[in-house]
file entry.cif (mmCIF, C-alpha atoms)
data_run
loop_
_atom_site.label_atom_id
_atom_site.label_comp_id
_atom_site.auth_asym_id
_atom_site.auth_seq_id
_atom_site.Cartn_x
_atom_site.Cartn_y
_atom_site.Cartn_z
CA MET P 956 -148.03 113.68 -38.00
CA THR P 957 -145.57 112.96 -35.22
CA GLN P 958 -142.89 115.59 -34.85
CA LYS P 959 -139.45 114.17 -35.49
CA THR P 960 -137.00 114.66 -32.66
CA ARG P 961 -133.45 113.52 -32.14
CA PRO P 962 -132.33 112.91 -28.53
CA ARG P 963 -128.82 113.61 -27.42
CA PRO P 964 -126.65 110.57 -28.16
CA ARG P 965 -125.62 110.33 -24.51
CA ALA P 966 -129.24 110.52 -23.34
CA ALA P 967 -130.25 107.81 -25.78
CA ARG P 968 -127.46 105.52 -24.63
CA LEU P 969 -128.23 106.18 -20.97
CA ALA P 970 -131.85 105.26 -21.57
CA LEU P 971 -130.83 101.95 -23.10
CA LEU P 972 -128.53 101.22 -20.15
CA LEU P 973 -131.30 101.55 -17.58
CA ALA P 974 -130.10 98.37 -15.88
CA VAL P 975 -126.85 100.05 -14.80
CA PRO P 976 -127.02 102.39 -11.77
CA VAL P 977 -124.10 104.47 -13.07
CA LEU P 978 -122.87 104.59 -16.65
CA ALA P 979 -119.52 103.01 -15.94
CA LEU P 980 -117.05 100.56 -17.34
CA THR P 981 -115.86 98.69 -14.28
CA THR P 982 -112.35 97.49 -13.59
CA ALA P 983 -111.11 95.03 -11.02
CA CYS P 984 -109.59 97.69 -8.79
CA GLY P 985 -110.57 101.27 -8.00
CA GLY P 986 -108.58 104.45 -8.03
CA THR P 987 -106.63 106.36 -10.66
CA GLU P 988 -102.98 106.91 -11.22
CA PRO P 989 -101.41 109.78 -13.19
CA SER P 990 -99.29 108.70 -16.12
CA ASP P 991 -96.22 110.45 -17.49
CA ASP P 992 -98.24 112.30 -20.12
CA GLY P 993 -100.75 113.61 -17.59
CA VAL P 994 -103.52 111.23 -18.59
CA ALA P 995 -105.09 109.41 -15.66
CA SER P 996 -104.84 105.65 -15.66
CA VAL P 997 -106.63 102.78 -13.99
CA GLY P 998 -105.89 99.18 -13.25
CA LYS P 999 -106.71 96.83 -16.11
CA ALA P 1000 -109.60 94.44 -15.64
CA PRO P 1001 -108.80 90.74 -15.94
CA SER P 1002 -109.27 89.66 -19.54
CA THR P 1003 -111.68 86.90 -20.43
CA GLU P 1004 -110.55 86.84 -24.04
CA GLN P 1005 -109.58 83.24 -24.66
CA THR P 1006 -110.10 80.91 -27.54
CA LYS P 1007 -111.32 77.35 -27.21
CA GLY P 1008 -108.81 75.04 -25.62
CA GLY P 1009 -107.05 77.89 -23.81
CA ASP P 1010 -105.05 78.99 -26.84
CA SER P 1011 -103.85 82.53 -27.37
CA PRO P 1012 -106.67 84.99 -28.16
CA GLN P 1013 -104.68 86.40 -31.09
CA GLY P 1014 -106.47 85.64 -34.33
CA GLY P 1015 -109.56 84.29 -32.55
CA ALA P 1016 -112.82 85.73 -31.29
CA PRO P 1017 -112.97 86.53 -27.55
CA LYS P 1018 -114.76 83.95 -25.47
CA GLY P 1019 -118.35 85.03 -24.98
CA LYS P 1020 -118.56 87.27 -28.04
CA SER P 1021 -120.84 84.83 -29.88
CA ALA P 1022 -123.16 84.64 -26.87
CA PHE P 1023 -123.12 88.45 -26.67
CA TYR P 1024 -124.07 88.75 -30.35
CA ASP P 1025 -126.83 86.16 -30.02
CA ALA P 1026 -128.25 87.95 -26.99
CA GLN P 1027 -128.18 91.26 -28.83
CA MET P 1028 -130.02 89.64 -31.74
CA LYS P 1029 -132.76 88.54 -29.34
CA PHE P 1030 -133.04 92.14 -28.15
CA VAL P 1031 -133.17 93.33 -31.78
CA GLN P 1032 -135.87 90.78 -32.61
CA CYS P 1033 -137.89 91.99 -29.62
CA MET P 1034 -137.54 95.59 -30.80
CA ARG P 1035 -138.62 94.62 -34.31
CA LYS P 1036 -141.69 92.82 -32.99
CA LYS P 1037 -142.78 95.41 -30.43
CA ILE P 1038 -141.37 98.76 -31.60
CA ASN P 1039 -140.23 98.95 -35.23
CA LYS P 1040 -139.83 96.20 -37.82
CA ASP P 1041 -136.78 97.95 -39.31
CA TYR P 1042 -134.70 97.98 -36.12
CA PRO P 1043 -131.12 97.34 -37.36
CA ASP P 1044 -128.97 94.29 -36.75
CA PRO P 1045 -126.12 94.63 -34.23
CA LYS P 1046 -122.58 94.94 -35.56
CA LEU P 1047 -120.59 91.74 -35.99
CA SER P 1048 -118.89 92.61 -32.69
CA GLY P 1049 -122.26 92.34 -30.96
CA TYR P 1050 -122.59 96.04 -30.17
CA LEU P 1051 -125.66 97.90 -31.33
CA ASP P 1052 -125.25 100.06 -34.44
CA TRP P 1053 -126.10 103.48 -33.06
CA THR P 1054 -125.58 105.27 -36.37
CA LYS P 1055 -128.41 103.24 -37.87
CA ILE P 1056 -130.54 103.39 -34.72
CA ASP P 1057 -130.29 107.19 -34.62
CA ALA P 1058 -131.12 107.40 -38.33
CA LEU P 1059 -134.20 105.20 -37.83
CA GLN P 1060 -135.34 107.27 -34.89
CA GLU P 1061 -134.89 110.50 -36.80
CA ALA P 1062 -136.80 109.12 -39.77
CA THR P 1063 -139.73 107.85 -37.70
CA GLY P 1064 -139.81 110.41 -34.88
CA ASN P 1065 -140.22 107.51 -32.44
CA ASP P 1066 -138.14 108.00 -29.29
CA ASP P 1067 -138.82 104.40 -28.25
CA VAL P 1068 -136.44 103.25 -30.99
CA ALA P 1069 -133.50 104.68 -29.03
CA LYS P 1070 -134.85 104.02 -25.55
CA GLY P 1071 -135.01 100.25 -25.70
CA GLY P 1072 -138.75 99.96 -26.12
CA ARG P 1073 -141.88 101.63 -24.78
CA GLY P 1074 -142.25 101.03 -21.05
CA GLY P 1075 -139.19 98.80 -20.99
CA ALA P 1076 -140.83 96.35 -23.41
CA CYS P 1077 -137.48 94.75 -24.27
CA ALA P 1078 -135.69 95.38 -20.97
CA PRO P 1079 -135.21 91.67 -20.10
CA GLU P 1080 -133.50 91.03 -23.44
CA MET P 1081 -131.44 94.18 -23.04
CA ARG P 1082 -130.21 93.18 -19.57
CA LYS P 1083 -129.32 89.69 -20.77
CA ALA P 1084 -127.20 91.13 -23.59
CA MET P 1085 -125.48 93.55 -21.23
CA SER P 1086 -124.58 90.73 -18.86
CA LEU P 1087 -122.77 88.94 -21.70
CA GLU P 1088 -120.73 91.88 -22.97
CA PRO P 1089 -117.04 90.88 -23.19
CA SER P 1090 -114.72 92.55 -20.66
CA ARG P 1091 -113.20 95.82 -21.82
CA ASP P 1092 -109.91 97.60 -21.21
CA THR P 1093 -111.05 100.54 -19.10
CA GLN P 1094 -107.87 102.55 -19.67
CA LYS P 1095 -108.26 102.30 -23.45
CA ASP P 1096 -111.94 103.19 -23.21
CA TYR P 1097 -111.12 106.26 -21.12
CA GLU P 1098 -108.40 107.39 -23.52
CA SER P 1099 -110.74 106.86 -26.47
CA MET P 1100 -113.45 109.01 -24.88
CA LEU P 1101 -110.87 111.65 -23.93
CA ALA P 1102 -109.59 111.84 -27.52
CA HIS P 1103 -113.18 112.13 -28.73
CA ALA P 1104 -113.98 114.95 -26.29
CA LYS P 1105 -110.86 116.88 -27.32
CA CYS P 1106 -111.76 116.37 -30.97
CA MET P 1107 -115.31 117.66 -30.40
CA ARG P 1108 -113.98 120.84 -28.78
CA ALA P 1109 -111.41 121.31 -31.54
CA HIS P 1110 -114.25 121.19 -34.05
CA GLY P 1111 -116.26 123.92 -32.37
CA VAL P 1112 -118.28 122.21 -29.61
CA THR P 1113 -116.38 124.18 -26.99
CA LYS P 1114 -118.47 123.13 -23.97
CA PHE P 1115 -118.05 119.37 -24.58
CA THR P 1116 -116.57 118.01 -21.34
CA ASN P 1117 -113.92 115.33 -20.80
CA PRO P 1118 -114.75 111.88 -19.41
CA GLN P 1119 -113.73 111.17 -15.83
CA LEU P 1120 -112.28 108.24 -13.94
CA GLN P 1121 -113.97 107.58 -10.62
CA ASP P 1122 -113.18 104.54 -8.47
CA GLY P 1123 -112.00 102.56 -11.46
CA ASN P 1124 -115.02 103.51 -13.60
CA VAL P 1125 -115.29 105.65 -16.73
CA ILE P 1126 -117.89 108.42 -16.53
CA PRO P 1127 -118.53 109.76 -20.05
CA GLY P 1128 -118.14 113.41 -20.96
CA GLY P 1129 -120.42 115.53 -23.12
CA ASP P 1130 -122.93 118.17 -22.08
CA PRO P 1131 -121.75 119.89 -18.89
CA ASN P 1132 -125.34 120.28 -17.70
CA PRO P 1133 -127.63 117.49 -19.05
CA THR P 1134 -130.61 118.65 -16.96
CA SER P 1135 -130.43 122.07 -18.62
CA PRO P 1136 -128.56 121.33 -21.86
CA GLU P 1137 -125.81 123.64 -23.01
CA VAL P 1138 -124.82 121.57 -26.05
CA SER P 1139 -127.21 121.19 -28.99
CA PRO P 1140 -126.80 117.94 -30.97
CA ASP P 1141 -129.09 119.40 -33.64
CA SER P 1142 -126.73 122.25 -34.50
CA SER P 1143 -124.72 122.04 -37.70
CA THR P 1144 -121.52 122.51 -35.69
CA TYR P 1145 -122.29 119.52 -33.48
CA LYS P 1146 -123.25 117.32 -36.41
CA GLN P 1147 -120.08 118.20 -38.31
CA ALA P 1148 -117.95 117.60 -35.21
CA SER P 1149 -119.63 114.25 -34.56
CA GLN P 1150 -118.89 113.14 -38.09
CA ALA P 1151 -115.27 114.30 -37.88
CA CYS P 1152 -114.67 112.69 -34.48
CA LYS P 1153 -116.65 109.44 -34.71
CA ASP P 1154 -113.55 107.35 -35.40
CA LYS P 1155 -112.03 108.44 -32.08
CA LEU P 1156 -114.46 106.18 -30.20
CA LEU P 1157 -113.73 102.47 -29.89
CA ASP P 1158 -116.37 99.97 -30.92
CA GLY P 1159 -119.11 99.88 -28.31
CA LEU P 1160 -118.54 103.45 -27.14
CA ASP P 1161 -120.54 105.26 -29.81
CA GLY P 1162 -123.45 106.99 -28.15
CA MET P 1163 -121.78 106.88 -24.73
CA GLN P 1164 -120.92 110.58 -24.76
#
call {"tool": "encode", "arguments": {"input": "entry.cif", "output": "structure tokens"}}
result
Amino acid sequence: MTQKTRPRPRAARLALLLAVPVLALTTACGGTEPSDDGVASVGKAPSTEQTKGGDSPQGGAPKGKSAFYDAQMKFVQCMRKKINKDYPDPKLSGYLDWTKIDALQEATGNDDVAKGGRGGACAPEMRKAMSLEPSRDTQKDYESMLAHAKCMRAHGVTKFTNPQLQDGNVIPGGDPNPTSPEVSPDSSTYKQASQACKDKLLDGLDGMQ
């Protein structure tokens, strides 16, 4: 029987994002600026969120979200065909549902569930979906990850590090030494902290740190 293992959430997400040289959420301009409350800030990327006809995005889905969802579904269908027939649907936002993916991996003991397919089996579909992800507000993503990191430490995962801003990119926090892990995601403390802090992360950031 295959031994069941659960990879670190950050490691699992990094494996899925193999098409990106650095795990980063890119903005239009580099550099950081300190804000009044001591939280670093970055320039905001140009928004592509528009409704048909150029109307206000309020009350409408961002342009490209449907294409993003459809591309993610093609990735999911590939994973179901080649890796596991129970691979979960993406969320309505188009982002993968990492809570369900992690649960499936833990139940089956199959690391390929979280890594995007054995030998990059579904890498083309994955890259296509990533290329269609709607633009994000980097400052909000950074602040969300920062709040999550602080929450994790407050709930006992004392070595959980803060995210960083580098050249207009967000570098997730987490284990201070991924090559020789100092944080155990299998510990009861980590699991309880993850549950308590999960709502700190914006949609699409779960599994990033």
call {"tool": "residues_around", "arguments": {"input": "entry.cif", "residues": "Leu1157 (chain P)", "least_positions_apart": "5", "cutoff": "9 Å", "atoms": "all atoms listed in the file", "output": "list in words"}}
result
Lys1095, Asp1096, Ser1099 and Met1100 of chain P
call {"tool": "resolve_selection", "arguments": {"input": "entry.cif", "expression": "the PyMOL selection byres ((chain P and resi 1051) around 10)", "output": "PyMOL selection string"}}
result
chain P and resi 1024+1027-1028+1030-1031+1043-1050+1052-1056+1158-1162
call {"tool": "closest_residue", "arguments": {"input": "entry.cif", "among": "P:Val1068, P:Met1081, P:Gln1060, P:Asn1039", "to": "Ala1026 (chain P)", "atoms": "all atoms listed in the file"}}
result
P:Met1081
call {"tool": "residues_around", "arguments": {"input": "entry.cif", "residues": "His1110 (chain P)", "least_positions_apart": "5", "cutoff": "10 Å", "atoms": "all atoms listed in the file", "output": "PyMOL selection string"}}
result
chain P and resi 1104-1105+1144-1145+1147-1149+1151-1152
call {"tool": "atom_distance", "arguments": {"input": "entry.cif", "atom1": "CA of Asn1117 (chain P)", "atom2": "CA of Ala1102 (chain P)"}}
result
8.7 Å
call {"tool": "closest_residue", "arguments": {"input": "entry.cif", "among": "P:Ala1022, P:Cys1077, P:Met1107, P:Val1125", "to": "Gln1094 (chain P)", "atoms": "all atoms listed in the file"}}
result
P:Val1125
call {"tool": "atom_distance", "arguments": {"input": "entry.cif", "atom1": "CA of Val1138 (chain P)", "atom2": "CA of Ala1062 (chain P)"}}
result
22.1 Å
call {"tool": "residues_around", "arguments": {"input": "entry.cif", "residues": "Gly1071 (chain P)", "least_positions_apart": "3", "cutoff": "8 Å", "atoms": "only C-alpha atoms", "output": "count of residues only"}}
result
10
call {"tool": "atom_distance", "arguments": {"input": "entry.cif", "atom1": "CA of Asp1025 (chain P)", "atom2": "CA of Ala1084 (chain P)"}}
result
8.1 Å
call {"tool": "closest_residue", "arguments": {"input": "entry.cif", "among": "P:Gln1032, P:Ser1086, P:Thr1093, P:Thr1113", "to": "Ser1139 (chain P)", "atoms": "only C-alpha atoms"}}
result
P:Thr1113
call {"tool": "axis_aligned_box", "arguments": {"input": "entry.cif", "around": "region 1067-1085 of chain P", "padding_each_side": "8 Å", "output": "AutoDock Vina command-line options"}}
result
--center_x -133.9 --center_y 97.2 --center_z -25.3 --size_x 32.8 --size_y 31.0 --size_z 27.4
call {"tool": "residues_near_point", "arguments": {"input": "entry.cif", "point": "(-118.0, 111.6, -24.7)", "cutoff": "7 Å", "atoms": "all atoms listed in the file", "output": "list in words"}}
result
Met1100, His1103, Ala1104, Asn1117, Pro1118, Pro1127, Gly1128, Gly1129, Met1163 and Gln1164 of chain P
